[in-house]
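Chemist: I have a structure I would like to understand better, so I am pasting it below and will then ask my questions one at a time.
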Amino acid sequence: MKLFLFILINLININIYHYQNNDQLYVKIIPLFDNNPIQLSKANKDSISIETLKFYLTDFCLIKSGEVVWKEVNSYHLIDISKPTSLDIFFTNEVKVDFDEIQFLLGTDSLTNVSGAIGGDLDPTKGMYWAWNSGYINFKLEGKQNSKPFQFHIGGYASPYPTVQKIRLKTKKNLNIAFNVADFLNQLNLVNQNKIMSPGKEAQELSEILSSLFYINEKE
Amino acid sequence: MIIILGLFSFFGLAMNLTFKPTPIKIEYPSSWPKPVYNFDNNPLTQEGIDLGRKLFYDPILSIDGPISCSNCHLSYTAFTHVDHPLSHGVNDSIGIRNSPALMNLAWHNSFMWDGAVNHLDVQALAPISHPAEMDEDINNIIRKLIGHSTYRESFYKAFQDSTITGEHLLKAISQFELTLISCNSKYDSVMLKTQVFSMQEERGYELFKKDCSSCHAEPFFTNNQFENNGLPINPILLDLGRYNITKKKTDSLKFKVPTLRNIEFSYPYMHDGRFKSISEVLNHYTNNIKVSNTLSNKLKSEIKLTSNQKVDLTAFLLTLTDKKFLFNKDFSFPLDKYYPDVEKKKKTD
């Protein structure tokens with residue numbers, strides 16, 4: 001029995017070893033400020049500095065001619081620009097399909113929000129869970145403009161103001177997905193609108209703006 | 001290299017196989033509906049329940065460590081803070097609401113007086129982080145638990161993972177809370193036909209069914225809904241209840257209907273603990289309902305009770321006392337978990 005287990009585990013290890021050397025399909029998230037990579041806590045030309053940028057991308061699937069041809073199981077990814085490894089999303093199962101679109105959610109769906117304590121990227125220790133009005137913060141952006149702080153904690157799953165947004169991008173191969181934070185801030189007036197901490201109409205409007213800003217980066 | 005990895009995996013697996021936690025099934029009357037809580041996502045085990053109980057009684061959950069869950073939820077008074085209108089917290093702070101009694105939580109689909117919390121697992125996050133309660137951060141609690149001599153082992157036994165995570169911390173607390181089932185009151189025995197009501201209790205039960213049960217529905221004595229029960233707003237607390245969560249005008253002044261089980265022990269009453277006795281509560285419903293736009297439909301026609309009827313109704317309410325629940329040793333401070341030596345000595349003496 002022990003010998004059998006020993007062989008079995010070695011086989012598993014060999015498989016893992018082999019698997020990691022394969023050309024694995026992965027999504028690269030590229031958060032930008034204008035056309036530059038974001039440097040945390042460093043002011044740019046508009047005197048804006050970003051201190052926190054964290055958001056959930058979930059439910060990844062690939063689409064061919066309008067039909068879902070592949071779906072990631074347990075698809076929850078917390079993107080956190082202070083953790084560069086979180087920007088590369090490796091799919092846990094192998095993908096061998098042709099596709100012409102990729103689809104994912106910005107944020108977490110309502111079922112996830114009512115399912116109690118969940119581990120991994122959804123663990124409440126990740127700073128993305130609201131204790132006093134249960135639910136995930138789908139998108140968190142904090143920083144300063146001219147030393148005046150702004151804080152956007154965008155979340156809320158309940159009707160009529162759910163903030164989860166479906167994003168669908170056309171692509172045949174390239175999975176470098178960029179997103180320009182400046183495009184978001186430029187649509188707001190940071191002097192008047194610099195804070196949101198609860199679900200509601202405003203959170204939903206901001207989530208709609210955010211979801212329109214993701215695109216396939218053709219440069220790479 | 002691969003062989004070494006294989007050896008590591010083998011020993012890792014062998015260690016995992018050595019400990020199997022003991023599964024536990026909750027017991028409740030067959031006439032009750034199925035629990036709302038999904039036990040498949042958090043299967044109860046004796047080890048998980050023990051860990052949750054230890055955490056429930058451990059002030060390590062609060063900043064600087066003065067307050068545990070049990071400070072406001074005492075087992076002998078149906079897990080509420082008897083004689084305290086409003087909850088207490090760190091640095092002598094006082095909250096804005098009365099700490100609710102805890103029981104039969106597996107059948108609740110919302111938590112807190114305003115329903116701010118949507119699942120039992122994440123309920124504990126609220127008091128943990130509230131500045132007037134435990135004022136602590138879950139990451140900091142985990143750091144403290146890792147540094148503690150016994151918790152890593154307890155987490156390993158409960159979840160086969162010695163890495164302490166937020167998920168497991170919260171699920172352990174849920175496991176203990178899910179065992180807090182009150183179903184052994186005189187009322188329950190009468191329903192099972194193993195006991196009978198006195199004449200007075202029977203009269204009270206009839207009044208209860210007529211005037212109270214639309215909100216305090218059997219068998220849990222709550223319909224788990226939010227209602228405005230006609231209390232004038234407290235001018236200092238200015239608490240709008242459910243409105244604060246939904247921001248809907250129609251939810252203004254609504255609070256979650258509390259259970260009446262063990263009401264004899266869970267005073268003071270109402271979301272802000274304004275009434276000290278059952279008779280004050282009954283007088284409110286018969287004489288002092290404040291009519292407003294959001295007043296519960298069920299209170300729109302007047303409740304009329306003579307003083308004798310109030311005595312009968314009270315006699316019925318006292319049949320909801322469940323001594324087996326209140327004095328259950330499995331729910332009280334786990335002395336053996338904190339002081340195993342003392343308990344051993346007691347046994348040998």
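Each chain in the structure tokens gets a letter, A, B, ..., in the order shown, and its residues are numbered from 1; ligands are numbered from 1 in order too.
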Compile the residues of chain B that lie within 6 Å of chain A, evaluated using only C-alpha atoms, and express the compilation as a list of chain:residue names.

Modeler: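 Filtering chain B at 6 Å from chain A with only C-alpha atoms gives B:Gly6, B:Ala116, B:Val117, B:Asn118, B:His119, B:Asp121, B:Val122, B:Leu125, B:Ala126, B:Asn139, B:Gly166, B:Glu167.
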
Chemist: Which residues, written as a compact mmCIF listing (two decimals) with C-alpha atoms, in the first residue's frame, have at least one atom at most 12 Å from Pro84 of chain A, with only C-alpha atoms counted and residues fewer than 6 positions away on the same chain left out?

Modeler:
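Contents of part_30.txt, as written:
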```
# COMPACT_ATOMS: atom_id res chain seq x y z
CA LYS A 28 -2.26 39.34 -18.04
CA ILE A 29 -3.90 42.33 -16.39
CA ILE A 30 -2.21 45.65 -17.16
CA PRO A 31 -3.37 48.52 -14.94
CA PRO A 37 2.28 51.43 -15.51
CA ILE A 38 0.97 52.56 -12.13
CA GLN A 39 3.61 53.30 -9.56
CA LEU A 40 2.12 53.13 -6.10
CA LEU A 53 -5.96 49.34 -6.39
CA LYS A 54 -7.66 46.01 -5.78
CA LEU A 78 -8.32 39.22 -6.61
```

Chemist: Could you pull out the residues in segment 132-191 of chain A that DSSP calls helix (DSSP H, G or I) from the backbone, as number ranges by chain?

Modeler: A: 181-186

Chemist: Using DSSP on the backbone, list every residue of segment 64-299 of chain B that comes out as strand (DSSP E or B), and give them as a PyMOL selection string.

Modeler: chain B and resi 74+80+88+94+111+117+226-228+241+254-256+269+275+295

Chemist: Find the distance between atom CA of Tyr339 of chain B and atom CA of Gln123 of chain B and write it in Å to one decimal.

Modeler: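 Distance between the two atoms: 28.4 Å.
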
Chemist: List the spatial neighbours of Leu318 of chain B as a PyMOL selection string - criterion: any atom at most 10 Å away, only C-alpha atoms, same-chain residues fewer than 5 positions off excluded.

Modeler: chain B and resi 185-187+201+260-265+278+313

Chemist: Atoms to include: N, CA and C atoms. Write the selected residues as a JSON list (two decimals), in the first residue's frame.

Modeler:
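Below you can see again-v1.json, which holds the result:
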```json
[["chain", "number", "residue", "atom", "x", "y", "z"],
["B", 185, "SER", "N", -38.49, 23.45, 25.63],
["B", 185, "SER", "CA", -39.32, 24.20, 26.58],
["B", 185, "SER", "C", -40.59, 23.42, 26.87],
["B", 186, "LYS", "N", -41.37, 23.90, 27.83],
["B", 186, "LYS", "CA", -42.66, 23.26, 28.10],
["B", 186, "LYS", "C", -43.54, 23.32, 26.86],
["B", 187, "TYR", "N", -43.50, 24.45, 26.16],
["B", 187, "TYR", "CA", -44.25, 24.58, 24.91],
["B", 187, "TYR", "C", -43.92, 23.42, 23.96],
["B", 201, "GLU", "N", -52.21, 28.80, 30.93],
["B", 201, "GLU", "CA", -51.29, 28.80, 29.79],
["B", 201, "GLU", "C", -52.05, 28.58, 28.49],
["B", 260, "LEU", "N", -39.22, 34.86, 20.70],
["B", 260, "LEU", "CA", -39.71, 34.98, 22.08],
["B", 260, "LEU", "C", -39.27, 33.79, 22.93],
["B", 261, "ARG", "N", -38.58, 32.84, 22.33],
["B", 261, "ARG", "CA", -38.10, 31.71, 23.12],
["B", 261, "ARG", "C", -37.16, 32.23, 24.22],
["B", 262, "ASN", "N", -37.34, 31.69, 25.41],
["B", 262, "ASN", "CA", -36.54, 32.09, 26.58],
["B", 262, "ASN", "C", -36.70, 33.56, 26.93],
["B", 263, "ILE", "N", -37.85, 34.12, 26.61],
["B", 263, "ILE", "CA", -38.09, 35.55, 26.86],
["B", 263, "ILE", "C", -37.98, 35.88, 28.36],
["B", 264, "GLU", "N", -38.29, 34.90, 29.21],
["B", 264, "GLU", "CA", -38.20, 35.10, 30.66],
["B", 264, "GLU", "C", -36.80, 35.58, 31.06],
["B", 265, "PHE", "N", -35.79, 35.12, 30.30],
["B", 265, "PHE", "CA", -34.41, 35.41, 30.69],
["B", 265, "PHE", "C", -33.72, 36.45, 29.82],
["B", 278, "ILE", "N", -41.91, 41.99, 30.85],
["B", 278, "ILE", "CA", -42.90, 41.56, 29.87],
["B", 278, "ILE", "C", -44.15, 42.45, 29.97],
["B", 313, "LEU", "N", -51.49, 35.60, 29.07],
["B", 313, "LEU", "CA", -50.52, 35.63, 27.96],
["B", 313, "LEU", "C", -49.10, 35.47, 28.50]]
```

Chemist: Select, from B:Met112, B:Leu51, B:Leu145, B:Leu207, the residue with the minimum atom-to-atom distance to Gly241 of chain B, counting only C-alpha atoms.

Modeler: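 Under the stated criterion, the closest residue is B:Met112.
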
Chemist: Which polymer residues have any atom within 10 Å of an atom of Phe104 of chain A, counting only C-alpha atoms, with same-chain residues fewer than 6 positions away left out, as a PyMOL selection string?

Modeler: chain A and resi 57-62+71-72+75+165-169

Chemist: Using Å and a single decimal, report how far atom CA of Lys323 of chain B sits from atom CA of Ser87 of chain B.

Modeler: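 Atom CA of Ser87 of chain B sits 24.2 Å away from atom CA of Lys323 of chain B.
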
Chemist: Would you mind listing what lies within 12 Å of segment 189-192 of chain B as a PDB file with N, CA and C atoms, in the first residue's frame, with only C-alpha atoms counted and same-chain residues fewer than 2 positions away left out?

Modeler:
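Final output, saved to around-v9.pdb:
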```pdb
ATOM      1  N   PRO B  29     -36.597  19.055  16.524  1.00  0.00           N
ATOM      2  CA  PRO B  29     -37.872  18.343  16.380  1.00  0.00           C
ATOM      3  C   PRO B  29     -38.202  18.045  14.909  1.00  0.00           C
ATOM      4  N   SER B  30     -38.792  16.896  14.664  1.00  0.00           N
ATOM      5  CA  SER B  30     -39.066  16.484  13.278  1.00  0.00           C
ATOM      6  C   SER B  30     -40.102  17.382  12.609  1.00  0.00           C
ATOM      7  N   SER B  31     -40.877  18.102  13.427  1.00  0.00           N
ATOM      8  CA  SER B  31     -41.895  18.984  12.843  1.00  0.00           C
ATOM      9  C   SER B  31     -41.289  20.299  12.328  1.00  0.00           C
ATOM     10  N   TRP B  32     -40.042  20.580  12.709  1.00  0.00           N
ATOM     11  CA  TRP B  32     -39.426  21.833  12.268  1.00  0.00           C
ATOM     12  C   TRP B  32     -39.047  21.753  10.795  1.00  0.00           C
ATOM     13  N   CYS B 183     -35.087  23.787  21.942  1.00  0.00           N
ATOM     14  CA  CYS B 183     -36.305  23.085  21.503  1.00  0.00           C
ATOM     15  C   CYS B 183     -36.854  22.197  22.622  1.00  0.00           C
ATOM     16  N   ASN B 184     -36.520  22.553  23.881  1.00  0.00           N
ATOM     17  CA  ASN B 184     -36.953  21.715  25.000  1.00  0.00           C
ATOM     18  C   ASN B 184     -37.696  22.507  26.069  1.00  0.00           C
ATOM     19  N   SER B 185     -38.494  23.453  25.629  1.00  0.00           N
ATOM     20  CA  SER B 185     -39.315  24.204  26.580  1.00  0.00           C
ATOM     21  C   SER B 185     -40.588  23.415  26.870  1.00  0.00           C
ATOM     22  N   LYS B 186     -41.374  23.902  27.828  1.00  0.00           N
ATOM     23  CA  LYS B 186     -42.658  23.256  28.104  1.00  0.00           C
ATOM     24  C   LYS B 186     -43.536  23.316  26.855  1.00  0.00           C
ATOM     25  N   TYR B 187     -43.498  24.450  26.162  1.00  0.00           N
ATOM     26  CA  TYR B 187     -44.248  24.576  24.906  1.00  0.00           C
ATOM     27  C   TYR B 187     -43.917  23.419  23.963  1.00  0.00           C
ATOM     28  N   THR B 194     -46.247  15.378  25.214  1.00  0.00           N
ATOM     29  CA  THR B 194     -45.722  14.691  26.395  1.00  0.00           C
ATOM     30  C   THR B 194     -46.028  15.467  27.666  1.00  0.00           C
ATOM     31  N   GLN B 195     -46.590  16.671  27.524  1.00  0.00           N
ATOM     32  CA  GLN B 195     -46.992  17.489  28.655  1.00  0.00           C
ATOM     33  C   GLN B 195     -48.246  18.247  28.235  1.00  0.00           C
ATOM     34  N   VAL B 196     -48.966  18.823  29.214  1.00  0.00           N
ATOM     35  CA  VAL B 196     -50.113  19.662  28.831  1.00  0.00           C
ATOM     36  C   VAL B 196     -49.986  21.045  29.463  1.00  0.00           C
ATOM     37  N   PHE B 197     -50.551  22.046  28.777  1.00  0.00           N
ATOM     38  CA  PHE B 197     -50.606  23.388  29.343  1.00  0.00           C
ATOM     39  C   PHE B 197     -51.547  23.412  30.523  1.00  0.00           C
ATOM     40  N   SER B 198     -51.300  24.313  31.489  1.00  0.00           N
ATOM     41  CA  SER B 198     -52.310  24.590  32.518  1.00  0.00           C
ATOM     42  C   SER B 198     -53.447  25.342  31.830  1.00  0.00           C
ATOM     43  N   GLU B 201     -52.207  28.803  30.934  1.00  0.00           N
ATOM     44  CA  GLU B 201     -51.285  28.803  29.795  1.00  0.00           C
ATOM     45  C   GLU B 201     -52.047  28.577  28.486  1.00  0.00           C
ATOM     46  N   GLU B 202     -53.016  27.696  28.548  1.00  0.00           N
ATOM     47  CA  GLU B 202     -53.827  27.398  27.360  1.00  0.00           C
ATOM     48  C   GLU B 202     -54.572  28.648  26.886  1.00  0.00           C
ATOM     49  N   TYR B 205     -52.100  30.882  25.321  1.00  0.00           N
ATOM     50  CA  TYR B 205     -51.704  30.406  23.983  1.00  0.00           C
ATOM     51  C   TYR B 205     -52.729  30.838  22.935  1.00  0.00           C
ATOM     52  N   GLU B 218     -44.689  30.540  15.124  1.00  0.00           N
ATOM     53  CA  GLU B 218     -44.176  29.251  15.614  1.00  0.00           C
ATOM     54  C   GLU B 218     -43.486  28.523  14.459  1.00  0.00           C
ATOM     55  N   PRO B 219     -42.539  27.647  14.701  1.00  0.00           N
ATOM     56  CA  PRO B 219     -42.037  27.239  16.018  1.00  0.00           C
ATOM     57  C   PRO B 219     -40.861  28.079  16.527  1.00  0.00           C
ATOM     58  N   PHE B 316     -48.313  31.974  29.304  1.00  0.00           N
ATOM     59  CA  PHE B 316     -47.925  31.207  28.113  1.00  0.00           C
ATOM     60  C   PHE B 316     -46.480  31.508  27.718  1.00  0.00           C
ATOM     61  N   THR B 319     -43.862  29.569  29.232  1.00  0.00           N
ATOM     62  CA  THR B 319     -43.673  28.168  28.822  1.00  0.00           C
ATOM     63  C   THR B 319     -42.618  28.048  27.714  1.00  0.00           C
ATOM     64  N   LEU B 320     -42.112  29.193  27.240  1.00  0.00           N
ATOM     65  CA  LEU B 320     -41.069  29.159  26.202  1.00  0.00           C
ATOM     66  C   LEU B 320     -39.672  29.088  26.816  1.00  0.00           C
ATOM     67  N   THR B 321     -39.624  29.064  28.146  1.00  0.00           N
ATOM     68  CA  THR B 321     -38.334  28.929  28.830  1.00  0.00           C
ATOM     69  C   THR B 321     -37.816  27.502  28.676  1.00  0.00           C
ATOM     70  N   ASP B 322     -36.569  27.386  28.260  1.00  0.00           N
ATOM     71  CA  ASP B 322     -35.971  26.077  27.991  1.00  0.00           C
ATOM     72  C   ASP B 322     -34.741  25.915  28.896  1.00  0.00           C
TER      73      ASP B 322
END
```

Chemist: Just checking: using only C-alpha atoms, which residue out of B:Ile146, B:Cys69, B:Lys248, B:Thr314 ends up closest to Ser162 of chain B?

Modeler: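 Using only C-alpha atoms, the shortest distance to Ser162 of chain B belongs to B:Ile146.
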
Chemist: Distance atom CA of Tyr338 of chain B-atom CA of Met103 of chain B, one decimal place?

Modeler: 24.2 Å

Chemist: Skipping near chain neighbours, those fewer than 6 positions away, what residues fall within 8 Å of segment 170-184 of chain A using only C-alpha atoms, listed as number ranges by chain?

Modeler: A: 26-35, 98-102, 209-210, 213-218, 220
